[in-house]
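What follows is the content of coords-v8.cif (mmCIF, C-alpha atoms).
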```cif
data_work
loop_
_atom_site.label_atom_id
_atom_site.label_comp_id
_atom_site.auth_asym_id
_atom_site.auth_seq_id
_atom_site.Cartn_x
_atom_site.Cartn_y
_atom_site.Cartn_z
CA MET S 1 173.22 138.58 115.18
CA ASN S 2 172.94 137.81 111.47
CA TRP S 3 169.18 137.93 111.79
CA LEU S 4 169.38 141.42 113.28
CA ILE S 5 171.67 142.65 110.51
CA GLU S 6 169.28 141.18 107.97
CA PHE S 7 166.31 142.97 109.53
CA PHE S 8 167.85 146.36 110.24
CA GLY S 9 169.98 146.29 107.09
CA THR S 10 167.05 145.88 104.70
CA ALA S 11 166.22 149.26 103.18
CA ALA S 12 162.56 148.31 102.68
CA ASN S 13 162.16 147.98 106.45
CA TRP S 14 162.84 151.68 106.89
CA SER S 15 160.15 153.23 104.72
CA GLY S 16 156.43 153.05 103.98
CA PRO S 17 153.46 152.29 106.28
CA SER S 18 155.08 149.11 107.59
CA GLY S 19 158.55 150.62 107.92
CA ILE S 20 160.26 150.96 111.27
CA PRO S 21 159.66 154.74 111.68
CA ALA S 22 155.94 154.40 110.89
CA ARG S 23 155.50 151.38 113.21
CA LEU S 24 157.43 153.09 115.99
CA LEU S 25 155.27 156.20 115.66
CA GLU S 26 152.11 154.06 115.77
CA HIS S 27 153.29 152.27 118.86
CA VAL S 28 154.11 155.53 120.64
CA GLU S 29 150.83 157.08 119.51
CA PHE S 30 148.63 154.23 120.82
CA SER S 31 150.57 154.03 124.04
CA ALA S 32 150.39 157.78 124.61
CA VAL S 33 146.64 157.94 123.93
CA ALA S 34 145.96 154.96 126.20
CA LEU S 35 148.12 156.42 128.96
CA LEU S 36 146.51 159.84 128.65
CA LEU S 37 142.98 158.43 128.85
CA SER S 38 143.99 156.28 131.83
CA MET S 39 145.40 159.35 133.57
CA ILE S 40 142.19 161.29 132.98
CA ILE S 41 140.27 158.48 134.66
CA ALA S 42 142.67 157.43 137.40
CA ILE S 43 144.34 160.59 138.73
CA PRO S 44 141.23 162.58 139.73
CA LEU S 45 139.68 159.44 141.19
CA GLY S 46 142.85 158.60 143.14
CA LEU S 47 143.13 162.17 144.44
CA PHE S 48 139.50 162.12 145.54
CA ILE S 49 139.71 158.74 147.27
CA GLY S 50 143.06 159.53 148.90
CA HIS S 51 141.89 162.94 150.12
CA THR S 52 138.49 161.88 151.44
CA GLY S 53 139.52 158.37 152.47
CA ARG S 54 136.33 156.95 150.98
CA GLY S 55 136.49 153.73 148.96
CA GLY S 56 140.11 152.89 149.72
CA VAL S 57 139.44 149.18 150.22
CA VAL S 58 137.84 148.89 146.80
CA VAL S 59 140.93 150.42 145.21
CA VAL S 60 143.33 148.01 146.88
CA VAL S 61 141.22 144.97 145.99
CA ALA S 62 140.87 146.16 142.40
CA ALA S 63 144.61 146.67 142.14
CA ASN S 64 145.40 143.16 143.29
CA ALA S 65 142.86 141.68 140.90
CA ALA S 66 144.30 143.75 138.06
CA ARG S 67 147.76 142.31 138.63
CA ALA S 68 146.37 138.80 138.24
CA LEU S 69 144.50 139.62 135.00
CA PRO S 70 146.15 137.85 132.08
CA THR S 71 146.85 140.58 129.53
CA LEU S 72 146.50 138.43 126.44
CA GLY S 73 143.17 136.97 127.58
CA LEU S 74 141.77 140.40 128.36
CA VAL S 75 142.89 141.81 125.00
CA VAL S 76 141.36 138.92 123.06
CA LEU S 77 138.10 138.91 125.01
CA ILE S 78 137.47 142.67 124.87
CA VAL S 79 138.22 142.89 121.16
CA LEU S 80 135.99 139.88 120.41
CA LEU S 81 133.17 141.46 122.42
CA VAL S 82 133.52 144.98 121.04
CA GLY S 83 134.33 143.98 117.49
CA VAL S 84 137.40 144.45 115.35
CA GLY S 85 136.01 147.22 113.12
CA SER S 86 138.63 149.83 113.99
CA THR S 87 141.77 150.01 116.09
CA TRP S 88 140.06 151.88 118.90
CA PRO S 89 138.51 148.88 120.68
CA VAL S 90 142.05 147.60 121.12
CA LEU S 91 142.76 150.62 123.33
CA ALA S 92 140.18 149.45 125.88
CA PRO S 93 142.28 146.63 127.38
CA LEU S 94 145.34 148.90 127.42
CA ILE S 95 143.38 151.40 129.51
CA ALA S 96 141.97 148.65 131.72
CA LEU S 97 145.53 147.61 132.54
CA ALA S 98 146.95 151.11 132.98
CA VAL S 99 144.29 152.53 135.29
CA PRO S 100 144.94 150.37 138.41
CA PRO S 101 148.63 151.22 138.96
CA ILE S 102 147.98 154.95 138.48
CA LEU S 103 144.91 154.87 140.70
CA VAL S 104 146.55 152.91 143.51
CA ASN S 105 149.77 154.91 143.56
CA THR S 106 147.89 158.21 143.53
CA TYR S 107 145.67 156.98 146.35
CA GLU S 108 148.55 155.53 148.39
CA GLY S 109 150.66 158.63 147.77
CA ILE S 110 148.00 161.04 149.02
CA ARG S 111 146.99 158.82 151.90
CA GLY S 112 150.61 158.30 152.94
CA VAL S 113 151.32 162.00 153.50
CA GLU S 114 152.12 162.55 157.16
CA ARG S 115 149.23 163.64 159.33
CA ASP S 116 151.32 166.49 160.85
CA LEU S 117 152.00 167.93 157.42
CA ARG S 118 148.33 167.90 156.56
CA ASP S 119 147.36 169.47 159.87
CA ALA S 120 150.03 172.15 159.50
CA ALA S 121 148.59 173.06 156.09
CA TYR S 122 145.10 173.42 157.54
CA GLY S 123 146.57 175.36 160.46
CA MET S 124 148.10 177.83 158.01
CA GLY S 125 144.59 178.53 156.78
CA LEU S 126 144.56 176.54 153.54
CA ARG S 127 141.26 175.05 152.48
CA GLY S 128 140.63 171.42 151.51
CA GLY S 129 141.31 171.88 147.80
CA GLN S 130 144.36 174.04 148.43
CA VAL S 131 145.79 171.51 150.89
CA LEU S 132 145.38 168.85 148.24
CA LEU S 133 146.98 170.78 145.39
CA LYS S 134 149.68 172.72 147.27
CA VAL S 135 150.77 170.20 149.87
CA LEU S 136 149.49 166.67 149.29
CA VAL S 137 150.11 166.41 145.54
CA PRO S 138 153.71 167.72 145.61
CA VAL S 139 154.60 165.42 148.49
CA ALA S 140 152.90 162.44 146.83
CA LEU S 141 154.39 163.21 143.43
CA PRO S 142 157.20 160.60 143.50
CA LEU S 143 154.65 157.84 144.14
CA ILE S 144 152.22 159.18 141.54
CA LEU S 145 155.04 159.26 138.97
CA LEU S 146 156.01 155.71 139.91
CA GLY S 147 152.43 154.66 139.18
CA LEU S 148 152.55 156.44 135.83
CA ARG S 149 155.85 154.78 134.99
CA ILE S 150 154.53 151.30 135.80
CA ALA S 151 151.42 152.05 133.74
CA ALA S 152 153.43 153.38 130.79
CA ILE S 153 155.66 150.31 130.72
CA GLN S 154 152.64 148.07 131.05
CA VAL S 155 150.97 149.85 128.12
CA VAL S 156 154.02 149.63 125.85
CA ALA S 157 154.32 145.90 126.60
CA THR S 158 150.62 145.21 126.18
CA ALA S 159 150.46 147.18 122.94
CA THR S 160 153.00 144.66 121.65
CA VAL S 161 150.74 141.77 122.61
CA ALA S 162 147.72 143.59 121.18
CA ALA S 163 149.28 143.38 117.71
CA TYR S 164 147.91 139.84 117.82
CA VAL S 165 144.37 141.18 117.49
CA GLY S 166 145.23 143.74 114.84
CA LEU S 167 146.77 146.73 116.58
CA GLY S 168 149.59 148.32 114.56
CA GLY S 169 152.88 149.26 116.12
CA LEU S 170 156.07 147.34 116.75
CA GLY S 171 154.22 144.21 117.84
CA ARG S 172 153.29 143.70 114.18
CA TYR S 173 156.88 142.68 113.35
CA ILE S 174 156.80 140.11 116.15
CA ILE S 175 153.35 138.66 115.46
CA ASP S 176 153.61 138.69 111.66
CA GLY S 177 157.15 137.36 111.84
CA LEU S 178 156.01 134.46 114.02
CA ALA S 179 153.08 133.72 111.69
CA THR S 180 155.24 133.67 108.55
CA LYS S 181 158.33 132.16 110.20
CA ASP S 182 160.23 135.34 109.31
CA PHE S 183 162.55 135.20 112.25
CA PRO S 184 164.68 138.29 111.49
CA SER S 185 161.52 140.42 111.59
CA THR S 186 160.37 138.88 114.88
CA LEU S 187 163.71 139.37 116.56
CA GLY S 188 164.12 142.88 115.14
CA GLY S 189 160.67 143.83 116.47
CA ALA S 190 161.54 142.46 119.88
CA VAL S 191 164.75 144.46 120.00
CA LEU S 192 162.87 147.63 119.02
CA VAL S 193 160.25 147.06 121.73
CA VAL S 194 162.95 146.55 124.35
CA ALA S 195 164.65 149.77 123.22
CA LEU S 196 161.36 151.67 123.46
CA ALA S 197 160.69 150.31 126.96
CA LEU S 198 164.15 151.42 128.07
CA LEU S 199 163.53 154.88 126.60
CA VAL S 200 160.27 155.17 128.53
CA GLN S 201 162.07 154.17 131.72
CA LEU S 202 164.74 156.78 131.05
CA GLY S 203 162.14 159.43 130.21
CA PHE S 204 160.42 158.94 133.54
CA ALA S 205 163.71 159.15 135.43
CA VAL S 206 164.38 162.52 133.75
CA LEU S 207 160.80 163.70 134.36
CA GLN S 208 161.02 162.77 138.03
CA ARG S 209 164.18 164.78 138.43
CA ALA S 210 162.58 167.77 136.71
CA VAL S 211 159.20 167.97 138.45
CA VAL S 212 159.66 166.62 141.96
CA SER S 213 160.50 169.37 144.43
CA PRO S 214 164.10 169.01 145.71
CA GLY S 215 162.88 169.01 149.31
CA VAL S 216 160.64 166.05 148.64
CA SER S 217 163.16 164.01 146.68
CA ARG S 218 165.77 164.43 149.41
CA ARG S 219 163.29 163.07 151.94
CA VAL S 220 162.48 160.12 149.74
CA LYS S 221 166.14 159.28 149.29
CA SER S 222 167.01 159.56 152.95
CA ARG S 223 164.16 157.26 153.92
CA MET E 1 131.11 139.05 116.91
CA ASN E 2 128.39 136.51 116.90
CA ASP E 3 125.45 137.73 118.94
CA THR E 4 123.89 134.33 119.40
CA GLU E 5 127.06 132.82 120.84
CA PRO E 6 126.72 132.49 124.64
CA LEU E 7 129.62 133.68 126.78
CA VAL E 8 130.10 130.26 128.34
CA ARG E 9 129.18 126.89 126.84
CA TRP E 10 129.21 124.56 129.80
CA ASP E 11 129.15 121.42 127.69
CA TRP E 12 132.46 122.48 126.05
CA ILE E 13 134.02 122.74 129.48
CA GLY E 14 132.64 119.32 130.40
CA ARG E 15 134.14 117.72 127.33
CA HIS E 16 137.55 119.33 127.79
CA ILE E 17 138.29 118.63 131.45
CA PRO E 18 141.38 116.42 130.78
CA ASP E 19 142.82 118.95 128.33
CA ILE E 20 142.16 121.83 130.73
CA THR E 21 143.80 119.95 133.61
CA GLU E 22 146.90 119.25 131.56
CA ARG E 23 147.34 122.90 130.54
CA LEU E 24 146.60 124.04 134.08
CA LEU E 25 149.41 121.84 135.35
CA ASP E 26 151.81 123.11 132.69
CA HIS E 27 150.80 126.66 133.63
CA VAL E 28 151.44 126.07 137.35
CA ILE E 29 154.90 124.62 136.64
CA MET E 30 155.89 127.48 134.34
CA ALA E 31 154.64 130.07 136.85
CA LEU E 32 156.02 128.61 140.08
CA VAL E 33 159.46 127.34 139.01
CA PRO E 34 160.58 130.93 138.22
CA VAL E 35 159.30 132.14 141.59
CA LEU E 36 161.22 129.44 143.47
CA LEU E 37 164.37 129.97 141.42
CA GLY E 38 164.01 133.72 141.85
CA LEU E 39 163.66 133.41 145.61
CA LEU E 40 166.75 131.18 145.81
CA ILE E 41 168.83 133.68 143.84
CA ALA E 42 167.33 136.83 145.37
CA LEU E 43 168.16 135.93 148.97
CA PRO E 44 171.97 135.88 148.56
CA LEU E 45 171.86 138.82 146.11
CA GLY E 46 169.71 140.87 148.49
CA LEU E 47 171.87 139.95 151.48
CA ALA E 48 174.98 140.98 149.56
CA SER E 49 173.53 144.35 148.56
CA ALA E 50 172.32 145.01 152.08
CA ARG E 51 175.78 144.16 153.41
CA TRP E 52 177.82 146.11 150.84
CA ARG E 53 175.90 149.33 150.24
CA GLY E 54 177.85 150.10 147.07
CA LEU E 55 176.12 147.17 145.36
CA TYR E 56 172.63 148.40 146.17
CA GLN E 57 172.16 151.20 143.63
CA PRO E 58 173.56 149.26 140.63
CA THR E 59 171.61 146.10 141.55
CA VAL E 60 168.30 147.90 141.93
CA GLY E 61 169.01 149.90 138.77
CA VAL E 62 169.57 146.74 136.75
CA MET E 63 166.47 145.12 138.28
CA ASN E 64 164.40 148.18 137.34
CA ILE E 65 165.55 147.89 133.75
CA VAL E 66 164.89 144.14 133.65
CA TYR E 67 161.40 144.71 135.00
CA SER E 68 160.58 147.21 132.25
CA LEU E 69 161.29 144.77 129.41
CA PRO E 70 158.08 143.54 127.73
CA SER E 71 157.76 139.80 128.33
CA LEU E 72 156.85 138.94 124.74
CA ALA E 73 159.98 140.66 123.46
CA VAL E 74 162.16 138.79 125.94
CA PHE E 75 160.58 135.44 125.01
CA ILE E 76 161.37 136.15 121.36
CA VAL E 77 164.97 137.16 122.02
CA LEU E 78 165.46 133.88 123.90
CA ILE E 79 164.03 131.63 121.18
CA PRO E 80 167.35 131.22 119.30
CA VAL E 81 168.97 130.11 122.57
CA THR E 82 166.35 127.93 124.22
CA GLY E 83 163.96 127.08 121.40
CA LEU E 84 160.39 127.81 120.33
CA ALA E 85 157.52 126.46 122.44
CA GLU E 86 159.90 125.29 125.17
CA ARG E 87 159.20 125.62 128.88
CA THR E 88 162.67 127.08 129.45
CA THR E 89 161.97 129.99 127.09
CA VAL E 90 159.16 131.07 129.40
CA ILE E 91 160.81 130.16 132.69
CA ILE E 92 164.04 132.14 132.23
CA PRO E 93 162.47 135.60 131.67
CA LEU E 94 159.94 135.04 134.46
CA THR E 95 162.81 134.18 136.81
CA PHE E 96 164.36 137.55 135.99
CA TYR E 97 161.06 139.36 136.65
CA THR E 98 160.86 137.60 140.02
CA LEU E 99 164.40 138.73 140.80
CA ALA E 100 163.51 142.28 139.81
CA VAL E 101 160.75 142.32 142.43
CA LEU E 102 162.43 140.25 145.13
CA VAL E 103 165.96 141.65 145.33
CA PRO E 104 164.74 145.16 146.31
CA ALA E 105 162.22 143.51 148.66
CA VAL E 106 164.95 141.55 150.46
CA VAL E 107 167.10 144.67 150.79
CA ASP E 108 164.17 146.79 152.00
CA GLY E 109 163.17 144.04 154.41
CA LEU E 110 166.63 143.93 155.97
CA GLU E 111 166.68 147.72 156.14
CA SER E 112 163.37 147.69 158.00
CA VAL E 113 165.08 146.14 161.03
CA PRO E 114 165.17 148.94 163.62
CA ASP E 115 168.64 149.91 164.80
CA HIS E 116 167.84 149.43 168.48
CA VAL E 117 166.73 145.85 167.77
CA ARG E 118 170.01 145.15 166.02
CA GLN E 119 171.97 146.68 168.88
CA SER E 120 170.01 144.68 171.46
CA ALA E 121 170.91 141.52 169.56
CA VAL E 122 174.57 142.48 169.58
CA ALA E 123 174.38 143.32 173.28
CA MET E 124 172.86 139.90 173.95
CA GLY E 125 175.94 138.35 172.41
CA PHE E 126 174.61 137.46 168.93
CA GLY E 127 177.37 137.10 166.36
CA PRO E 128 176.85 138.51 162.84
CA THR E 129 175.61 135.23 161.31
CA ARG E 130 173.35 134.29 164.18
CA ARG E 131 171.95 137.82 164.27
CA LEU E 132 171.21 137.66 160.57
CA LEU E 133 169.43 134.32 160.83
CA ARG E 134 167.63 134.76 164.15
CA VAL E 135 166.86 138.49 164.20
CA ASP E 136 167.23 140.28 160.86
CA MET E 137 165.68 137.64 158.61
CA PRO E 138 162.52 137.03 160.67
CA ILE E 139 161.88 140.77 160.91
CA ALA E 140 162.39 141.09 157.15
CA VAL E 141 159.84 138.36 156.41
CA PRO E 142 156.76 140.60 155.93
CA VAL E 143 158.48 142.83 153.36
CA VAL E 144 160.02 139.87 151.50
CA LEU E 145 156.68 138.06 151.46
CA ALA E 146 154.92 141.17 150.14
CA GLY E 147 157.40 141.10 147.26
CA LEU E 148 156.92 137.37 146.82
CA ARG E 149 153.15 137.88 146.54
CA VAL E 150 153.59 140.46 143.78
CA ALA E 151 156.09 138.22 141.97
CA THR E 152 153.91 135.11 142.20
CA VAL E 153 150.73 136.77 141.00
CA SER E 154 152.52 138.53 138.10
CA SER E 155 154.26 135.31 137.14
CA ILE E 156 150.98 133.39 137.02
CA SER E 157 149.39 135.99 134.75
CA LEU E 158 152.50 136.48 132.55
CA VAL E 159 152.87 132.81 131.63
CA SER E 160 149.87 133.15 129.33
CA VAL E 161 151.76 135.57 127.05
CA GLY E 162 153.94 132.55 126.23
CA ALA E 163 151.00 131.25 124.18
CA LEU E 164 152.13 133.61 121.41
CA ILE E 165 155.36 131.60 121.09
CA GLY E 166 153.51 128.31 121.44
CA ARG E 167 153.93 127.57 125.15
CA GLY E 168 151.61 129.46 127.44
CA GLY E 169 149.80 126.93 129.63
CA LEU E 170 146.26 128.23 129.95
CA GLY E 171 147.18 131.05 127.56
CA TYR E 172 146.60 128.56 124.74
CA TYR E 173 142.88 129.07 125.27
CA PHE E 174 143.14 132.78 124.47
CA ILE E 175 144.66 131.98 121.08
CA ASP E 176 142.22 129.13 120.50
CA GLY E 177 139.21 131.27 121.42
CA TRP E 178 140.38 134.16 119.24
CA GLN E 179 141.00 132.01 116.19
CA ARG E 180 137.57 130.39 116.43
CA GLN E 181 135.72 133.51 117.64
CA PHE E 182 134.65 131.41 120.58
CA TYR E 183 134.25 133.01 124.03
CA THR E 184 134.19 129.93 126.24
CA PRO E 185 137.90 128.97 126.19
CA ILE E 186 138.94 132.60 126.69
CA ILE E 187 136.74 132.95 129.74
CA VAL E 188 137.85 129.56 131.11
CA GLY E 189 141.47 130.71 130.72
CA ILE E 190 140.96 134.08 132.38
CA VAL E 191 138.97 132.63 135.28
CA LEU E 192 141.46 129.82 135.94
CA VAL E 193 144.44 132.19 135.83
CA MET E 194 142.74 134.50 138.31
CA VAL E 195 141.73 131.61 140.57
CA LEU E 196 145.32 130.33 140.52
CA ALA E 197 146.57 133.80 141.41
CA VAL E 198 144.12 134.19 144.29
CA LEU E 199 144.94 130.71 145.63
CA ALA E 200 148.69 131.33 145.49
CA ASP E 201 148.22 134.71 147.16
CA GLY E 202 146.14 133.06 149.89
CA VAL E 203 148.86 130.46 150.55
CA LEU E 204 151.45 133.23 150.89
CA ILE E 205 149.25 135.22 153.27
CA LEU E 206 148.91 132.06 155.36
CA ALA E 207 152.68 131.54 155.23
CA GLN E 208 153.19 135.08 156.50
CA ARG E 209 150.88 134.43 159.46
CA LEU E 210 152.78 131.28 160.35
CA LEU E 211 156.20 132.90 159.94
CA THR E 212 155.40 136.04 161.92
CA PRO E 213 153.36 134.90 164.94
CA TRP E 214 154.33 138.07 166.83
CA ALA E 215 152.38 140.27 164.40
CA ARG E 216 149.15 138.59 165.42
CA ALA E 217 150.02 138.65 169.11
CA ARG E 218 150.64 142.38 168.91
CA ARG E 219 147.37 143.04 167.12
CA THR E 220 145.25 141.15 169.65
CA SER E 221 146.98 142.55 172.75
#
```

Would you mind writing the structure in this file as structure tokens?
Amino acid sequence: MNWLIEFFGTAANWSGPSGIPARLLEHVEFSAVALLLSMIIAIPLGLFIGHTGRGGVVVVVAANAARALPTLGLVVLIVLLVGVGSTWPVLAPLIALAVPPILVNTYEGIRGVERDLRDAAYGMGLRGGQVLLKVLVPVALPLILLGLRIAAIQVVATATVAAYVGLGGLGRYIIDGLATKDFPSTLGGAVLVVALALLVQLGFAVLQRAVVSPGVSRRVKSR
Amino acid sequence: MNDTEPLVRWDWIGRHIPDITERLLDHVIMALVPVLLGLLIALPLGLASARWRGLYQPTVGVMNIVYSLPSLAVFIVLIPVTGLAERTTVIIPLTFYTLAVLVPAVVDGLESVPDHVRQSAVAMGFGPTRRLLRVDMPIAVPVVLAGLRVATVSSISLVSVGALIGRGGLGYYFIDGWQRQFYTPIIVGIVLVMVLAVLADGVLILAQRLLTPWARARRTS
């Protein structure tokens, strides 16, 4: 407790480029960029594979392999290979870890839509693309959002680890604190990261409530 | 970094076999103890929340929150309690992650028992305990094992983050390789972690086949 009071009570920790607001903003910024880029890659691909049914096996295998990938090892290896010149190479492992959950959940969500529902949409005269956007995506939305949530949490956590290879953000307090035996800073950083992760979780719960059609969420709940 | 440095120096691996084995063993212990502990705790917790529905929402809610906590942060928060570079500091958070995956899996598994099956069991004179052990649990096995596979594989890969607090099994090689700008240990670490994960997953798939012989019988008929 005393350590936390020491960290959060120090005025110098609240201002400047290594102050808590600046570090928090950095962390959110990196995480948001990584998540956005992952979405741009994974969502269209997942929609395509789920809708056409081509390449599903590859997706599932890739997803399992991705879960086994040790985050720290991947971060260290990619940054060593690409070079530490700027912060951008550090985003690569974050994206590599965020793509699989989004891709798999999008694919599984689309593929899991009941056959009858799909047929009914075609029967009503909708074309392939329309069926996808007007029927399949709304019905699959809870699963797609779950994938995004897992990816977002993964990214926030990995961004913390990536501070080890020079990424800014809240992980800096943890890594630098460990290196200099400044325990208040380490513990304070950890508490901030936990708070951010909880906020992300909360944000997705609110988002889910806002964007998922009431008809769909009732079905999910009653399942 | 260094363009002339090969990705893998085989002679380094040859010279470090004893060291690698030792860290591999440490890694296996730190990854599997949490899974076993988690399974032992998740079964009664899951049974309780399947039995008393009121418990389900809060339990799963708490598990969701636990699962979202970054492992490095949790390791750090535990250091004052369990110590730096201690096995326990890694094992406790990983046990909670296992619980977060397994408790919902146990509940979902028990829910997946069709109502008519349950009623048949009752009609055949099964009491509540015997029904649970002889009917509900076996039918829940595939769902529970699916959760166990996720938990095991994640646990094996998460142990390496512990290297940042001085106890990460094979994760040590990531730190070592980074500090010396040396690819070989990093690649050895990544490959061994993935091999461990695939092996553990394979064992669990085998366990599922042995525990659910009817699934195979149905497929071949």

May I have the residues within 9 Å of E:Gln208 as a list in words, using only C-alpha atoms and disregarding those fewer than 2 positions away in the same chain? Val141, Pro142, Leu145, Ala146, Val203, Leu204, Ile205, Leu206, Leu210, Leu211, Thr212 and Pro213 of chain E

For E:Phe174, which residue among E:Gly162, E:Pro138, E:Gly109, E:Gly189 is the nearest when counting all atoms listed in the file?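 So, comparing all the options, the nearest one is E:Gly189.
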
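Using only C-alpha atoms, the nearest neighbour of E:Leu78 within the list E:Val106, E:Ile165, E:Ala151, E:Met30 is E:Ile165.
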
What lies within 9 Å of E:Val195 using only C-alpha atoms, ignoring chain neighbours under 5 positions off, as an NGL selection string? (:S and (68)) or (:E and (190 or 200))

Of the listed residues S:Ala190, S:Leu74, S:Ile95, S:Val139, that which approaches S:Leu35 most closely, counting only C-alpha atoms: S:Ile95

Hey, could you make a per-residue contact list for chain S against chain E with 10 Å as the cut-off, showing the nearest pair of atoms and its distance in Å to one decimal, counting only C-alpha atoms, sorted by chain and number, as CSV?
```
residue,atom,partner,partner_atom,distance
S:Asn64,CA,E:Val153,CA,8.6
S:Ala65,CA,E:Met194,CA,7.6
S:Ala66,CA,E:Met194,CA,9.4
S:Arg67,CA,E:Ser154,CA,6.1
S:Ala68,CA,E:Ser157,CA,5.4
S:Leu69,CA,E:Ser157,CA,6.1
S:Pro70,CA,E:Ser157,CA,4.6
S:Thr71,CA,E:Ser157,CA,7.4
S:Leu72,CA,E:Val161,CA,6.0
S:Gly73,CA,E:Phe174,CA,5.2
S:Leu74,CA,E:Ile190,CA,7.5
S:Val75,CA,E:Phe174,CA,9.0
S:Val76,CA,E:Trp178,CA,6.2
S:Leu77,CA,E:Ile186,CA,6.6
S:Val79,CA,E:Met1,CA,9.1
S:Leu80,CA,E:Met1,CA,6.1
S:Leu81,CA,E:Met1,CA,6.4
S:Val82,CA,E:Met1,CA,7.6
S:Gly83,CA,E:Met1,CA,5.9
S:Val84,CA,E:Met1,CA,8.4
S:Arg149,CA,E:Ser68,CA,9.3
S:Ile150,CA,E:Ser68,CA,8.1
S:Ala152,CA,E:Ser68,CA,9.6
S:Ile153,CA,E:Ser68,CA,6.0
S:Gln154,CA,E:Pro70,CA,7.8
S:Val155,CA,E:Pro70,CA,9.5
S:Val156,CA,E:Pro70,CA,7.6
S:Ala157,CA,E:Pro70,CA,4.6
S:Thr158,CA,E:Pro70,CA,7.8
S:Ala159,CA,E:Pro70,CA,9.7
S:Thr160,CA,E:Leu72,CA,7.6
S:Val161,CA,E:Leu72,CA,7.1
S:Tyr164,CA,E:Leu164,CA,8.3
S:Val165,CA,E:Trp178,CA,8.3
S:Gly171,CA,E:Ala73,CA,8.8
S:Ile174,CA,E:Ile76,CA,8.0
S:Ile175,CA,E:Leu164,CA,7.9
S:Leu178,CA,E:Ile165,CA,7.7
S:Ala179,CA,E:Leu164,CA,9.8
S:Phe183,CA,E:Ile76,CA,9.2
S:Thr186,CA,E:Ile76,CA,7.1
S:Leu187,CA,E:Val77,CA,6.0
S:Gly188,CA,E:Val77,CA,9.0
S:Gly189,CA,E:Ala73,CA,7.7
S:Ala190,CA,E:Ala73,CA,4.3
S:Val191,CA,E:Ala73,CA,7.0
S:Leu192,CA,E:Ala73,CA,8.8
S:Val193,CA,E:Ala73,CA,6.6
S:Val194,CA,E:Leu69,CA,5.6
S:Ala195,CA,E:Leu69,CA,8.6
S:Leu196,CA,E:Leu69,CA,9.1
S:Ala197,CA,E:Leu69,CA,6.1
S:Leu198,CA,E:Ile65,CA,6.8
S:Leu199,CA,E:Ser68,CA,10.0
S:Val200,CA,E:Ser68,CA,8.8
S:Gln201,CA,E:Ser68,CA,7.1
S:Leu202,CA,E:Ile65,CA,9.3
```

Using all atoms listed in the file, which of the listed residues (S:Ala151, S:Leu170, S:Ala11, S:Leu117) sits closest to S:Val135?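 Looking at the shortest contact to S:Val135, the residue is S:Leu117.
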
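Coordinates place atom CA of S:Leu94 at a distance of 28.4 Å from atom CA of S:Leu133.
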
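Among S:Gly55, S:Gly19, S:Gly123, S:Gly46, the residue with the shortest atom-to-atom distance to S:Pro100, counting all atoms listed in the file, is S:Gly46.
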
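Of the residues listed (S:Leu47, S:Ala205, S:Ile41, S:Pro214), S:Leu47 shows the shortest atom-to-atom separation from S:Gly128; distances use all atoms listed in the file.
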
Mind telling me what the PyMOL selection byres ((chain E and resi 113) around 10) catches here, as a CSV table (one decimal) with C-alpha atoms, keeping the file's coordinate frame?
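Result file result_11.csv:
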```
chain,number,residue,atom,x,y,z
E,108,ASP,CA,164.2,146.8,152.0
E,109,GLY,CA,163.2,144.0,154.4
E,110,LEU,CA,166.6,143.9,156.0
E,111,GLU,CA,166.7,147.7,156.1
E,112,SER,CA,163.4,147.7,158.0
E,114,PRO,CA,165.2,148.9,163.6
E,115,ASP,CA,168.6,149.9,164.8
E,116,HIS,CA,167.8,149.4,168.5
E,117,VAL,CA,166.7,145.8,167.8
E,118,ARG,CA,170.0,145.2,166.0
E,135,VAL,CA,166.9,138.5,164.2
E,136,ASP,CA,167.2,140.3,160.9
E,137,MET,CA,165.7,137.6,158.6
E,138,PRO,CA,162.5,137.0,160.7
E,139,ILE,CA,161.9,140.8,160.9
E,140,ALA,CA,162.4,141.1,157.2
```

Please write a file for stretch 27-33 of chain S, taken from the block I just shared, that holds N, CA and C atoms and is laid out as a PDB file, in the first residue's frame.
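Once written, result.pdb looks like this:
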```
ATOM      1  N   HIS S  27       0.010   4.267 -24.344  1.00  0.00           N
ATOM      2  CA  HIS S  27      -0.439   2.875 -24.283  1.00  0.00           C
ATOM      3  C   HIS S  27      -1.721   2.695 -25.096  1.00  0.00           C
ATOM      4  N   VAL S  28      -2.672   3.612 -24.874  1.00  0.00           N
ATOM      5  CA  VAL S  28      -3.947   3.532 -25.576  1.00  0.00           C
ATOM      6  C   VAL S  28      -3.733   3.723 -27.075  1.00  0.00           C
ATOM      7  N   GLU S  29      -2.834   4.651 -27.416  1.00  0.00           N
ATOM      8  CA  GLU S  29      -2.588   4.955 -28.822  1.00  0.00           C
ATOM      9  C   GLU S  29      -2.019   3.733 -29.562  1.00  0.00           C
ATOM     10  N   PHE S  30      -0.958   3.130 -28.994  1.00  0.00           N
ATOM     11  CA  PHE S  30      -0.366   1.935 -29.618  1.00  0.00           C
ATOM     12  C   PHE S  30      -1.387   0.830 -29.734  1.00  0.00           C
ATOM     13  N   SER S  31      -2.116   0.604 -28.646  1.00  0.00           N
ATOM     14  CA  SER S  31      -3.076  -0.492 -28.641  1.00  0.00           C
ATOM     15  C   SER S  31      -4.150  -0.257 -29.686  1.00  0.00           C
ATOM     16  N   ALA S  32      -4.633   0.996 -29.787  1.00  0.00           N
ATOM     17  CA  ALA S  32      -5.698   1.297 -30.735  1.00  0.00           C
ATOM     18  C   ALA S  32      -5.205   1.120 -32.173  1.00  0.00           C
ATOM     19  N   VAL S  33      -3.998   1.606 -32.461  1.00  0.00           N
ATOM     20  CA  VAL S  33      -3.462   1.468 -33.821  1.00  0.00           C
ATOM     21  C   VAL S  33      -3.298  -0.009 -34.167  1.00  0.00           C
TER      22      VAL S  33
END
```
